[in-house]
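Asks: Could you have a look at this structure, given as structure tokens, before my questions?
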Amino acid sequence: MKRVLLVFGTRPEAIKMCPLVKELKSRKNFDTAVCVTGQHHQMLDQVLADFSVIPDYDLSLMRNNQTLFDITASVLQSVKEVLKEAKPDVVLVHGDTSSAFACALACFYMQIPVGHVEAGLRTYDIYSPYPEEFNRRAISIISRYDFAPTERARENLLTEGKENSSIFLTGNTVIDALKTTVRRDYTHPELEWSKGSKLIFVTVHRRENLGNPMRRIFCALRRILEERSDIKVLYPIHLNPLIINTARRELAGCDRVHMTEPLGPLDCHNIMARSYMILTDSGGVQEEASFLGKPTLVLREKSERLEGIESGALRLVGTDESSLCKEMMRLLTDGAAYEAMAHTNNAYGNGCASKIIADVLEKL
Ligand code: UD1
Ligand code: UDP
């Protein structure tokens, strides 16, 4: 029986790891345990509740306005005790958060093999996204097994000198999650509110967008709302106080904008699936939008998710106010441009990633 420990701490990691937790727990060859660092608190709990996953260890590390130093140092110290007690044969971390990086580092110090889920994403700009590009590259130095979601991610790892035999092409587990959350008979008060209008779904949270870039995004939204009476905006705000303050200040008084608490993933996925278009700087939302075939403007200068851009559903637009207004207007007025982006695709897999990862782990 293999002892597998999955360690994660933020909303997106949880959404992408819960399907894998469930798959591993369903197999008798694994003794599966879950440790949450609690880098996020409410936003993590929402996901665990929607997927009915109960962690075996909860480090509850989140502090308001925590810094990168806080997260890295506290995860590194605290996870050590869990690793000592759980004695895993392999630890699975996800993606590029500081929880994932610090946990991989702790495993390295204790010489425990690490499996990296969603390995190989790159922009090759260490400051974009910040600090995620560093985190994921650092994890790749440590990881024994790399679960690459796409062929491009696999090639990045090969180019960096990782052994072919340690890389497994899996698809992205976010599609596994999406396949369980999106329902035909779904309703929500925000969807009732937006009936008869084109719903723009917005999420913004990246560190490199804090401050002026975020203000420009909100100004663009204000302008488009003034110019078009047929749109409504749903914006579930990330709980970072810096974001909440900027959003409330810049979008105050816009009656066709609903700023809400973060949605649980079930609500989020179903509302995204019914929106007209999406504006986001999120990684996971880009992958989901691509699978759902939702025209999406990506509020970033660089992306590691080029597959979604190539598939046509995503467009990298940055945060310049005028360009953003122009791109939104294009999708609102030019039917052909909209239709060209509104196609579902399997660039991030078909919902079997967790099964493939579990199969690989079983054979190791
Ligand atoms: C983190 C990850 C980022 C990921 C994002 C997903 C790092 C360095 N960053 O960034 O890669 O894309 O999560 O959302 O790992 N907060 C709450 N409650 C919560 C969650 C957050 O109040 O449930 C507030 C806290 O004040 C916290 C702040 O948000 O200090 C920022 O959280 P943090 O995890 O440090 O950074 P994120 O921007 O969320
Ligand atoms: N999400 C959610 N509720 C929200 C906003 C986003 O459940 O209010 C989900 C979204 O569907 C996606 C994930 O959170 O699966 C993305 O997380 P986030 O944008 O915080 O981080 P990133 O993917 O950029 O690391």
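The chains in the structure tokens are called A, B, ... from first to last as shown; in each chain the residues are counted from 1, and the ligands are counted from 1 in the order shown.
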Using only C-alpha atoms and all ligand atoms, find each residue with an atom at most 6 Å away from ligand 1 and format the answer as number ranges by chain.

Replies: A: 10-12, 39-44, 63-66, 68, 96-99, 131-132, 205-207, 239-241

Asks: Show me which residues are within 8 Å of ligand 2 counting only C-alpha atoms and all ligand atoms, and format the list as a ChimeraX atom specification.

Replies: /A:10-13,15-16,43,46-47,96-97,174,203-206,235-238,261-269,272,280-286,288

Asks: Go through A:Lys22, A:Lys28, A:Lys80, A:His116 and flag the residue nearest Val53 in chain A, using only C-alpha atoms for the distances.

Replies: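 Closest to Val53 in chain A of all the choices is A:Lys22.
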
Asks: If we count only C-alpha atoms, what is near Met259 in chain A at a cut-off of 10 Å, once residues fewer than 4 positions away on the same chain are taken out, given as a VMD selection string?

Replies: chain A and resid 202 233 to 237 244 247 to 248 251 to 252 254

Asks: Apply DSSP to the backbone of this structure and, from range 126-189 of chain A, keep only the residues in alpha helix (DSSP H); write these as a PyMOL selection string.

Replies: chain A and resi 132-142+151-159+173-181+189

Asks: Restricted to N, CA, C and O atoms, what would the selected residues look like written as a compact mmCIF listing (two decimals), in the first residue's frame?

Replies:
```txt
# COMPACT_ATOMS: atom_id res chain seq x y z
N GLU A 132 4.81 33.25 -9.03
CA GLU A 132 4.46 31.89 -9.46
C GLU A 132 5.47 31.29 -10.43
O GLU A 132 5.75 30.09 -10.38
N GLU A 133 6.03 32.14 -11.35
CA GLU A 133 6.97 31.56 -12.31
C GLU A 133 8.20 30.99 -11.59
O GLU A 133 8.70 29.91 -11.94
N PHE A 134 8.66 31.69 -10.56
CA PHE A 134 9.78 31.14 -9.77
C PHE A 134 9.34 29.86 -9.06
O PHE A 134 10.06 28.85 -9.10
N ASN A 135 8.19 29.93 -8.41
CA ASN A 135 7.74 28.77 -7.62
C ASN A 135 7.70 27.50 -8.47
O ASN A 135 8.20 26.45 -8.07
N ARG A 136 7.09 27.61 -9.65
CA ARG A 136 6.94 26.36 -10.42
C ARG A 136 8.26 25.87 -10.98
O ARG A 136 8.50 24.66 -11.09
N ARG A 137 9.15 26.81 -11.32
CA ARG A 137 10.46 26.35 -11.82
C ARG A 137 11.25 25.70 -10.70
O ARG A 137 11.94 24.71 -10.89
N ALA A 138 11.16 26.29 -9.50
CA ALA A 138 11.89 25.72 -8.35
C ALA A 138 11.35 24.33 -8.02
O ALA A 138 12.13 23.42 -7.71
N ILE A 139 10.04 24.16 -8.10
CA ILE A 139 9.47 22.83 -7.81
C ILE A 139 9.98 21.82 -8.84
O ILE A 139 10.27 20.67 -8.50
N SER A 140 10.14 22.26 -10.08
CA SER A 140 10.62 21.33 -11.12
C SER A 140 12.04 20.83 -10.84
O SER A 140 12.42 19.76 -11.29
N ILE A 141 12.82 21.61 -10.11
CA ILE A 141 14.17 21.15 -9.77
C ILE A 141 14.08 20.00 -8.77
O ILE A 141 14.86 19.07 -8.77
N ILE A 142 13.05 20.09 -7.91
CA ILE A 142 12.91 19.13 -6.81
C ILE A 142 12.13 17.87 -7.21
O ILE A 142 12.42 16.77 -6.76
N GLU A 151 0.96 19.07 -23.88
CA GLU A 151 2.17 18.70 -24.61
C GLU A 151 3.22 19.81 -24.50
O GLU A 151 4.41 19.55 -24.34
N ARG A 152 2.76 21.06 -24.55
CA ARG A 152 3.72 22.18 -24.44
C ARG A 152 4.43 22.15 -23.09
O ARG A 152 5.64 22.36 -23.00
N ALA A 153 3.66 21.87 -22.03
CA ALA A 153 4.26 21.81 -20.68
C ALA A 153 5.29 20.69 -20.63
O ALA A 153 6.38 20.83 -20.05
N ARG A 154 4.95 19.56 -21.26
CA ARG A 154 5.88 18.42 -21.30
C ARG A 154 7.17 18.82 -22.02
O ARG A 154 8.29 18.55 -21.55
N GLU A 155 7.01 19.52 -23.13
CA GLU A 155 8.20 19.93 -23.90
C GLU A 155 9.06 20.91 -23.11
O GLU A 155 10.29 20.86 -23.17
N ASN A 156 8.41 21.81 -22.38
CA ASN A 156 9.19 22.75 -21.55
C ASN A 156 10.09 21.99 -20.58
O ASN A 156 11.26 22.30 -20.41
N LEU A 157 9.52 20.96 -19.96
CA LEU A 157 10.29 20.19 -18.97
C LEU A 157 11.43 19.43 -19.64
O LEU A 157 12.55 19.37 -19.12
N LEU A 158 11.16 18.89 -20.81
CA LEU A 158 12.21 18.16 -21.54
C LEU A 158 13.33 19.12 -21.92
O LEU A 158 14.52 18.81 -21.76
N THR A 159 12.95 20.30 -22.41
CA THR A 159 13.94 21.30 -22.80
C THR A 159 14.82 21.68 -21.61
O THR A 159 16.00 21.99 -21.76
N THR A 173 -6.40 18.60 -14.27
CA THR A 173 -7.45 18.11 -13.37
C THR A 173 -8.59 19.12 -13.21
O THR A 173 -9.65 18.76 -12.69
N VAL A 174 -8.37 20.37 -13.64
CA VAL A 174 -9.47 21.35 -13.53
C VAL A 174 -10.65 20.93 -14.40
O VAL A 174 -11.81 21.21 -14.08
N ILE A 175 -10.35 20.24 -15.49
CA ILE A 175 -11.45 19.79 -16.36
C ILE A 175 -12.20 18.65 -15.67
O ILE A 175 -13.43 18.56 -15.78
N ASP A 176 -11.48 17.82 -14.92
CA ASP A 176 -12.15 16.76 -14.13
C ASP A 176 -13.16 17.43 -13.19
O ASP A 176 -14.29 16.97 -13.03
N ALA A 177 -12.70 18.52 -12.54
CA ALA A 177 -13.56 19.22 -11.59
C ALA A 177 -14.79 19.80 -12.30
O ALA A 177 -15.93 19.60 -11.88
N LEU A 178 -14.52 20.47 -13.41
CA LEU A 178 -15.60 21.13 -14.18
C LEU A 178 -16.67 20.13 -14.62
O LEU A 178 -17.86 20.45 -14.66
N LYS A 179 -16.23 18.93 -14.93
CA LYS A 179 -17.19 17.92 -15.40
C LYS A 179 -18.13 17.48 -14.28
O LYS A 179 -19.18 16.90 -14.55
N THR A 180 -17.74 17.71 -13.03
CA THR A 180 -18.64 17.31 -11.95
C THR A 180 -19.48 18.47 -11.43
O THR A 180 -20.43 18.27 -10.70
N THR A 181 -19.10 19.69 -11.80
CA THR A 181 -19.79 20.84 -11.20
C THR A 181 -20.88 21.45 -12.11
O THR A 181 -21.90 21.93 -11.61
N PRO A 189 -29.59 33.26 -7.98
CA PRO A 189 -30.18 34.61 -7.99
C PRO A 189 -29.43 35.59 -8.91
O PRO A 189 -30.06 36.45 -9.56
```

Asks: Here is a test: counting only C-alpha atoms, which residue of A:Leu221, A:Met17, A:Val182, A:Ile167 is nearest to Arg274 in chain A?

Replies: A:Val182
